[in-house]
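J.: Below is one structure. I have some questions about it.
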Amino acid sequence: MTAQEVRLCGLLLREHFGDVVERVGTHLLKGGAQNLRTIIHETGISLDLIKKSLCVLVQHRICTFSAGRKGPGSPTEYRTSCDHILRILRYPRYIYSAKTLYGDTGELIIEELLQRGEMTMSSIVKTVADRLTQNMEEGRSMDYSEVSSAFSKLVETHFLQRCPPVAGAGTKESATPANTDKPAAPANTAPPTAESFPDCYKVPHVTLIGRGKRQLSPEDGEDQRNAKKAKMDIETHGDEGIHWQVNFERFHLHFRDQAIISAVANKLDQTSSEIVRTMLRMSEVTTPPTATYTKPLSANEIFRSLPTSYSIPRPILDQYLTLLVDDPMEFVGKAGESGGGMYVVNLHRALANLARATLESVVQERFGSRSARIFRLLLRKRHLEQKQVEDFAMIPAKEAKDMLYTLLSQNLVQLQEIPKTPDYAPSRTFYLYTVNQLPTARMLLQNCYKTVANLIDRRLFETKDSKRLLEKSQRIEAILASLQASGAEPEQLTEVEEMITAPEKQQLETLRLHINKLDSAENQVDETIFILESYVNSTATAAS
C-alpha cells in the first residue's frame, strides 16, 4: 500500500462518509489491525464517534473485525482494506452495468445496496418500487412482483449475494469479562462464496403483495407518516435477518469479459467477438474467478450456443475459431481435438495484451509516435543495444538516443548491463535496453491513483469555491418544485427564476461543465486502473 493509495482512499472516504469516518479509516489503513482502545487513544476522537464510524465502515464492508490476536478474551480488532475502499471509485460503473443488463429496476436495486451497504430483500423491493412509482405518471405504480423478479435475476447471475452469518466477536467491546470457557471464534471476514456458504445465492420465499407508493405530501401530516412507518416496522415478510450485498467480484468478471470482447471486436470483427462472448458466457459459472484459462469447450457446444441472430454455418465457425487461435494476441487457444476441437479463452494472456496496449497508448500520448515505436520494438524484441534500436526503428541516431534517455528517465525503459569481464569496464560491457511490463504497469497504476486523487481534489475545490452560488441555486430549485406542486401561476414561477441573475446562470453553467468533465475523466482513468489491476493480480495468480 503506497502513499498515493492512502491519499486516494482518504479522499473517497471523506467525500462519501465525512471527515470523522475518513480519519478513522485512514488511521486503520496506516496502522493495521487495532482494537477500540488503541483507535481512541491514537486518533483523539470520542468513543461515540469512533463506534458510529466503525459501524458505517463495517456496514459497507470497508472494515472487517475479528477476535484479538492475543487469544480468547482479548479485545476485538478492526482492520480496513485499501482494495475495498477503492471500489467506491467504481460505483457509477456498477450502477450503469446493472442498468444496461436489467433496466431501471436493476439499476435502482444496485444503487440502494451501494448506498446502504446491506439490506433485506423485502426492504429493497419496497424502496425500489416506491422510487419507480414516484417517477411514473399519475395513477400508475410499480408492482412488487416485478421488482422481486429483477432481484431474483441479479441473484441468479451472482451479482447479488447473501451476507455471511457473523460468528464470534461483535462489533463493539463489552465492558464485562467474557466467558473464557469457550474460545471465541474469529469473525468470518472473507467474502461469501457458493462453496463456503451453501445458501449464498438462495432467494428466500418473501410474502410481498402490493404496489409502490408515492411520497406523502407535507399537508398529509407528520402523525399519519409516523403511524404508517410504525405499521411497516411491525410487518414480517419471511426474510428477517437475511441481508444482501453487492458481489463486486462478479461485476469485475463482467468488466473483464467486456474488455476482452471489445478488444477482439476491434482487432478482428463483430462475429469473432460474438464467438468469444458465447465462450465466456458458457464458462462463467464453471470457471473460478482466479483461473488463467476458461474450461475447455467443444466446437459443437459453441455452435449450439451461438445466438440465433448469428446463424453462421458450421464450416464458417471452424474457420473463425482457427483464425482466433492463430491470431498473435492469443485470446483463444486450442486444448484438444475431441468434439470437433476443444477451445479455451486465455484470460491471463488477454489481460496481458490489454495492459500492453494501455502502456503503448500512454507512451504514444506523452512522448509521440516515434517513442511509441521504440517502446513497441523493445516489448517485441526484449533486449536491444542502442545501435540495434536505431536500425530496427529506422530513426536517426541522435533522435533515437534522446528518446531512449527520455523513456529511461521516466522508468518506462530499463538499461541492463552485461559485462564480458568481471571488472565491468565500459568498453567490454554490453548495454541492453529492455521493457519489464509488470513493474511498468505497477508504476503506471500508481500514477493513475495520483491522477484520480488530483481530479477529486480539483472537483472539491471547484464546488467549495462556488459553494454560496450552488446553495442559492438549490434553494431556488426547491422553491420552484414546491410552487409547481401547489399549482402556482406562471408569473410566480418566472419571478422566482429571475432571482438568479444572468452572470450567475453563466457561472453555474461553466461550473457544471467543469464538474462533468472531471467526473468523466475520473471514470476514464478508472477503466485504466481496472485493466492494470486485473493484469497485476492475474500475473500474481499465474506465478503462484
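Just remember, in the C-alpha cells the first chain shown is A, the second B, etc., residues are 1-based per chain, and ligands are 1-based in the order shown.
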Identify, on the basis of only C-alpha atoms, every residue whose closest approach to stretch 462-464 of chain A does not exceed 12 Å; exclude the query and any residue fewer than 5 positions from it along the same chain; express the result as a PyMOL selection string.
T.: chain A and resi 455-457+469-471+507-508+510-516+518
J.: Please, could you write that set of residues out with C-alpha atoms as an mmCIF file, in the first residue's frame?
T.:
```cif
data_model
loop_
_atom_site.group_PDB
_atom_site.id
_atom_site.type_symbol
_atom_site.label_atom_id
_atom_site.label_comp_id
_atom_site.auth_asym_id
_atom_site.auth_seq_id
_atom_site.Cartn_x
_atom_site.Cartn_y
_atom_site.Cartn_z
ATOM 1 C CA LEU A 455 -9.150 15.122 -10.088
ATOM 2 C CA ILE A 456 -11.162 14.677 -6.875
ATOM 3 C CA ASP A 457 -9.177 17.461 -5.192
ATOM 4 C CA LEU A 469 -23.919 30.087 -5.580
ATOM 5 C CA LEU A 470 -24.702 26.343 -5.543
ATOM 6 C CA GLU A 471 -26.663 26.651 -2.295
ATOM 7 C CA GLN A 507 -21.163 30.876 -13.842
ATOM 8 C CA LEU A 508 -23.336 27.895 -12.846
ATOM 9 C CA THR A 510 -19.492 26.841 -16.551
ATOM 10 C CA LEU A 511 -19.179 25.104 -13.177
ATOM 11 C CA ARG A 512 -21.451 22.228 -14.252
ATOM 12 C CA LEU A 513 -19.418 21.829 -17.443
ATOM 13 C CA HIS A 514 -16.156 21.636 -15.459
ATOM 14 C CA ILE A 515 -17.618 19.156 -12.938
ATOM 15 C CA ASN A 516 -18.937 16.938 -15.742
ATOM 16 C CA LEU A 518 -13.808 15.994 -14.127
#
```
J.: Please give the complete set of residues from stretch 280-457 of chain A that DSSP, run on the backbone, assigns to strand (DSSP E), formatted as a ChimeraX atom specification.
T.: /A:297-298,332-336,342-345,414-419,429-434
J.: Need to verify the contact set: A:Met499, 10 Å, only C-alpha atoms, exclusion of same-chain residues closer than 6 positions in sequence. Can you return it as JSON, numbers by chain?
T.: {"A": [472, 473, 476]}
J.: Measuring atom to atom with only C-alpha atoms, identify which of A:Ala335, A:Ala3, A:Val496, A:Ser122 is nearest to A:Ser482.
T.: A:Val496
J.: So that I can see what lies close to A:Arg79, please list as a list in words the residues with an atom at most 7 Å from it, counting only C-alpha atoms and leaving out residues fewer than 2 positions away in the same chain.
T.: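 The neighbour list is Leu28, Gly32, Ala33, Gln34, Cys63, Thr64, Phe65, Glu77 and Ser81 of chain A.
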J.: Restricted to N, CA and C atoms, what would the selected residues look like written as a short mmCIF file (atom, residue, chain, number, x, y, z; two decimals), in the first residue's frame?
T.:
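What follows is the written file again_13.cif:
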```cif
data_model
loop_
_atom_site.label_atom_id
_atom_site.label_comp_id
_atom_site.auth_asym_id
_atom_site.auth_seq_id
_atom_site.Cartn_x
_atom_site.Cartn_y
_atom_site.Cartn_z
N LEU A 28 -6.70 3.37 10.33
CA LEU A 28 -6.63 1.91 10.27
C LEU A 28 -5.81 1.43 9.08
N GLY A 32 -2.80 -0.62 10.55
CA GLY A 32 -3.12 -2.04 10.55
C GLY A 32 -4.20 -2.37 11.57
N ALA A 33 -4.29 -3.64 11.94
CA ALA A 33 -5.34 -4.11 12.86
C ALA A 33 -5.15 -3.48 14.24
N GLN A 34 -6.22 -2.88 14.78
CA GLN A 34 -6.16 -2.22 16.09
C GLN A 34 -7.48 -2.44 16.83
N CYS A 63 -14.53 -2.14 6.46
CA CYS A 63 -13.81 -2.55 7.68
C CYS A 63 -14.26 -3.95 8.07
N THR A 64 -13.33 -4.78 8.47
CA THR A 64 -13.65 -6.12 8.99
C THR A 64 -13.15 -6.21 10.43
N PHE A 65 -13.68 -7.14 11.17
CA PHE A 65 -13.29 -7.29 12.57
C PHE A 65 -13.15 -8.77 12.89
N GLU A 77 -10.43 -6.70 17.23
CA GLU A 77 -9.55 -5.85 16.41
C GLU A 77 -10.24 -5.53 15.08
N SER A 81 -9.38 -2.43 4.40
CA SER A 81 -8.70 -2.89 3.18
C SER A 81 -8.72 -1.77 2.15
#
```
J.: Point out the residue among A:Glu497, A:Asp199, A:Glu365, A:Asp519 with the least atom-to-atom distance to A:Gln474, counting only C-alpha atoms.
T.: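 Of all the options, A:Glu497 lies closest to A:Gln474.
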J.: Can you pull out every residue within 7 Å of stretch 410-417 of chain A, counting only C-alpha atoms, but drop anything in the same chain fewer than 2 positions away, and send it as a PyMOL selection string?
T.: chain A and resi 406-408+419+429-435+440
J.: Store the residues picked out above, limited to N, CA, C and O atoms, as a PDB file, in the first residue's frame.
T.:
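Below is the file that was written, again.pdb:
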```
ATOM      1  N   THR A 406      14.938   9.689 -22.610  1.00  0.00           N
ATOM      2  CA  THR A 406      13.697  10.232 -22.026  1.00  0.00           C
ATOM      3  C   THR A 406      12.856   9.123 -21.422  1.00  0.00           C
ATOM      4  O   THR A 406      12.370   9.243 -20.281  1.00  0.00           O
ATOM      5  N   LEU A 407      12.692   8.023 -22.163  1.00  0.00           N
ATOM      6  CA  LEU A 407      11.931   6.882 -21.637  1.00  0.00           C
ATOM      7  C   LEU A 407      12.628   6.273 -20.424  1.00  0.00           C
ATOM      8  O   LEU A 407      11.968   5.840 -19.475  1.00  0.00           O
ATOM      9  N   LEU A 408      13.969   6.263 -20.446  1.00  0.00           N
ATOM     10  CA  LEU A 408      14.737   5.716 -19.322  1.00  0.00           C
ATOM     11  C   LEU A 408      14.548   6.582 -18.075  1.00  0.00           C
ATOM     12  O   LEU A 408      14.399   6.067 -16.961  1.00  0.00           O
ATOM     13  N   PRO A 419      28.459  -7.562 -18.619  1.00  0.00           N
ATOM     14  CA  PRO A 419      29.916  -7.407 -18.822  1.00  0.00           C
ATOM     15  C   PRO A 419      30.548  -8.642 -19.460  1.00  0.00           C
ATOM     16  O   PRO A 419      30.130  -9.765 -19.206  1.00  0.00           O
ATOM     17  N   THR A 429      31.560  -4.047 -22.064  1.00  0.00           N
ATOM     18  CA  THR A 429      30.235  -4.293 -21.486  1.00  0.00           C
ATOM     19  C   THR A 429      29.157  -4.022 -22.522  1.00  0.00           C
ATOM     20  O   THR A 429      29.227  -3.022 -23.251  1.00  0.00           O
ATOM     21  N   PHE A 430      28.190  -4.937 -22.606  1.00  0.00           N
ATOM     22  CA  PHE A 430      27.009  -4.713 -23.454  1.00  0.00           C
ATOM     23  C   PHE A 430      25.964  -3.934 -22.648  1.00  0.00           C
ATOM     24  O   PHE A 430      25.660  -4.297 -21.501  1.00  0.00           O
ATOM     25  N   TYR A 431      25.416  -2.881 -23.243  1.00  0.00           N
ATOM     26  CA  TYR A 431      24.342  -2.109 -22.624  1.00  0.00           C
ATOM     27  C   TYR A 431      23.054  -2.356 -23.416  1.00  0.00           C
ATOM     28  O   TYR A 431      22.912  -1.889 -24.558  1.00  0.00           O
ATOM     29  N   LEU A 432      22.152  -3.104 -22.816  1.00  0.00           N
ATOM     30  CA  LEU A 432      20.929  -3.514 -23.495  1.00  0.00           C
ATOM     31  C   LEU A 432      19.714  -2.802 -22.896  1.00  0.00           C
ATOM     32  O   LEU A 432      19.541  -2.756 -21.669  1.00  0.00           O
ATOM     33  N   TYR A 433      18.889  -2.253 -23.776  1.00  0.00           N
ATOM     34  CA  TYR A 433      17.626  -1.631 -23.349  1.00  0.00           C
ATOM     35  C   TYR A 433      16.524  -2.688 -23.361  1.00  0.00           C
ATOM     36  O   TYR A 433      16.464  -3.530 -24.259  1.00  0.00           O
ATOM     37  N   THR A 434      15.649  -2.621 -22.362  1.00  0.00           N
ATOM     38  CA  THR A 434      14.551  -3.578 -22.270  1.00  0.00           C
ATOM     39  C   THR A 434      13.343  -2.931 -21.600  1.00  0.00           C
ATOM     40  O   THR A 434      13.471  -1.862 -20.987  1.00  0.00           O
ATOM     41  N   VAL A 435      12.184  -3.572 -21.714  1.00  0.00           N
ATOM     42  CA  VAL A 435      10.953  -3.120 -21.037  1.00  0.00           C
ATOM     43  C   VAL A 435      10.442  -4.270 -20.180  1.00  0.00           C
ATOM     44  O   VAL A 435      10.164  -5.349 -20.692  1.00  0.00           O
ATOM     45  N   THR A 440       6.474  -1.835 -14.975  1.00  0.00           N
ATOM     46  CA  THR A 440       5.995  -0.621 -15.648  1.00  0.00           C
ATOM     47  C   THR A 440       4.496  -0.444 -15.438  1.00  0.00           C
ATOM     48  O   THR A 440       4.015   0.677 -15.217  1.00  0.00           O
TER      49      THR A 440
END
```
J.: Write down as a ChimeraX atom specification the residues of stretch 21-128 of chain A whose backbone DSSP state falls under helix (DSSP H, G or I).
T.: /A:21-31,36-43,47-59,82-116,121-128
J.: Please provide the set of residues having any atom within 7 Å of stretch 289-296 of chain A, restricted to only C-alpha atoms, with same-chain residues fewer than 5 positions apart removed, written as a list in words.
T.: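 Returned residues: Ser283, Ala335, Met342, Tyr343, Val344, Val345, Asn346, Leu347, His348, Thr541 and Ala542 of chain A.
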J.: Generate the output file for the selected residues, N, CA, C and O atoms, as a short mmCIF file (atom, residue, chain, number, x, y, z; two decimals), in the first residue's frame.
T.:
```
data_model
loop_
_atom_site.label_atom_id
_atom_site.label_comp_id
_atom_site.auth_asym_id
_atom_site.auth_seq_id
_atom_site.Cartn_x
_atom_site.Cartn_y
_atom_site.Cartn_z
N SER A 283 -18.85 -20.44 -19.94
CA SER A 283 -17.91 -20.89 -18.90
C SER A 283 -17.89 -20.00 -17.67
O SER A 283 -17.07 -20.20 -16.78
N ALA A 335 -7.27 -26.70 -26.94
CA ALA A 335 -6.89 -27.60 -25.85
C ALA A 335 -7.04 -29.07 -26.20
O ALA A 335 -6.73 -29.93 -25.39
N MET A 342 -11.43 -28.75 -28.98
CA MET A 342 -11.70 -28.13 -27.67
C MET A 342 -10.97 -26.80 -27.60
O MET A 342 -9.76 -26.72 -27.88
N TYR A 343 -11.71 -25.75 -27.21
CA TYR A 343 -11.15 -24.39 -27.21
C TYR A 343 -11.31 -23.74 -25.84
O TYR A 343 -12.27 -24.02 -25.11
N VAL A 344 -10.34 -22.89 -25.48
CA VAL A 344 -10.38 -22.14 -24.22
C VAL A 344 -10.09 -20.67 -24.51
O VAL A 344 -9.47 -20.33 -25.54
N VAL A 345 -10.54 -19.80 -23.62
CA VAL A 345 -10.17 -18.38 -23.67
C VAL A 345 -9.02 -18.20 -22.69
O VAL A 345 -9.14 -18.49 -21.50
N ASN A 346 -7.89 -17.71 -23.19
CA ASN A 346 -6.70 -17.49 -22.36
C ASN A 346 -6.85 -16.15 -21.64
O ASN A 346 -6.48 -15.10 -22.17
N LEU A 347 -7.41 -16.19 -20.43
CA LEU A 347 -7.75 -14.96 -19.71
C LEU A 347 -6.50 -14.17 -19.32
O LEU A 347 -6.46 -12.94 -19.46
N HIS A 348 -5.48 -14.86 -18.83
CA HIS A 348 -4.26 -14.16 -18.42
C HIS A 348 -3.57 -13.50 -19.61
O HIS A 348 -3.14 -12.34 -19.52
N THR A 541 -1.42 -14.44 -9.61
CA THR A 541 -2.10 -15.74 -9.53
C THR A 541 -1.40 -16.77 -10.42
O THR A 541 -1.21 -17.92 -10.02
N ALA A 542 -1.03 -16.36 -11.64
CA ALA A 542 -0.37 -17.28 -12.56
C ALA A 542 1.00 -17.72 -12.02
O ALA A 542 1.40 -18.88 -12.18
#
```
J.: Need to verify the contact set: A:Asn447, 12 Å, only C-alpha atoms, exclusion of same-chain residues closer than 2 positions in sequence. Can you return it as number ranges by chain?
T.: A: 2-5, 8, 362, 410, 440-445, 449-454, 525-526, 528-529, 532
J.: Would you mind exporting the chosen residues as a PDB file, in the first residue's frame, restricted to C-alpha atoms?
T.:
```
ATOM      1  CA  THR A   2       1.546   3.261  -1.162  1.00  0.00           C
ATOM      2  CA  ALA A   3       1.108   6.897  -0.124  1.00  0.00           C
ATOM      3  CA  GLN A   4      -0.909   7.572  -3.308  1.00  0.00           C
ATOM      4  CA  GLU A   5      -3.368   4.803  -2.458  1.00  0.00           C
ATOM      5  CA  LEU A   8      -6.988   8.476  -2.656  1.00  0.00           C
ATOM      6  CA  VAL A 362       0.364   6.107 -22.668  1.00  0.00           C
ATOM      7  CA  GLN A 410      10.611   8.092 -16.782  1.00  0.00           C
ATOM      8  CA  THR A 440       5.995  -0.621 -15.648  1.00  0.00           C
ATOM      9  CA  ALA A 441       2.301  -1.478 -15.237  1.00  0.00           C
ATOM     10  CA  ARG A 442       2.631  -1.120 -11.441  1.00  0.00           C
ATOM     11  CA  MET A 443       4.284   2.300 -11.848  1.00  0.00           C
ATOM     12  CA  LEU A 444       1.554   3.465 -14.225  1.00  0.00           C
ATOM     13  CA  LEU A 445      -1.073   2.182 -11.770  1.00  0.00           C
ATOM     14  CA  TYR A 449      -4.121   6.684  -8.387  1.00  0.00           C
ATOM     15  CA  LYS A 450      -2.375  10.057  -8.165  1.00  0.00           C
ATOM     16  CA  THR A 451      -4.334  11.346 -11.176  1.00  0.00           C
ATOM     17  CA  VAL A 452      -7.720  10.354  -9.713  1.00  0.00           C
ATOM     18  CA  ALA A 453      -6.808  11.928  -6.359  1.00  0.00           C
ATOM     19  CA  ASN A 454      -5.861  15.172  -8.148  1.00  0.00           C
ATOM     20  CA  VAL A 525      -8.931   6.759 -15.527  1.00  0.00           C
ATOM     21  CA  ASP A 526     -10.795   4.123 -13.503  1.00  0.00           C
ATOM     22  CA  THR A 528      -7.330   2.101 -16.993  1.00  0.00           C
ATOM     23  CA  ILE A 529      -6.934   1.304 -13.287  1.00  0.00           C
ATOM     24  CA  LEU A 532      -3.862  -2.661 -14.863  1.00  0.00           C
TER      25      LEU A 532
END
```
J.: Could you tell me how far atom CA of A:Tyr96 sits from atom CA of A:Ala265, in Å to one decimal place?
T.: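 Between atom CA of A:Ala265 and atom CA of A:Tyr96 the gap is 21.5 Å.
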J.: Smallest atom-to-atom distance to A:Ser311: which of A:Ala299, A:Ile39, A:Ile275, A:Met329, using only C-alpha atoms?
T.: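 Under the stated criterion, the closest residue is A:Ile275.
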J.: Would you compute the distance between atom CA of A:Thr26 and atom CA of A:Thr539? Give it in Å to one decimal.
T.: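 Distance reported for this atom pair: 28.2 Å.
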J.: Record the distance separating atom CA of A:Thr133 and atom CA of A:Lys213, expressed in Å with one decimal.
T.: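 Those two atoms sit 6.4 Å apart.
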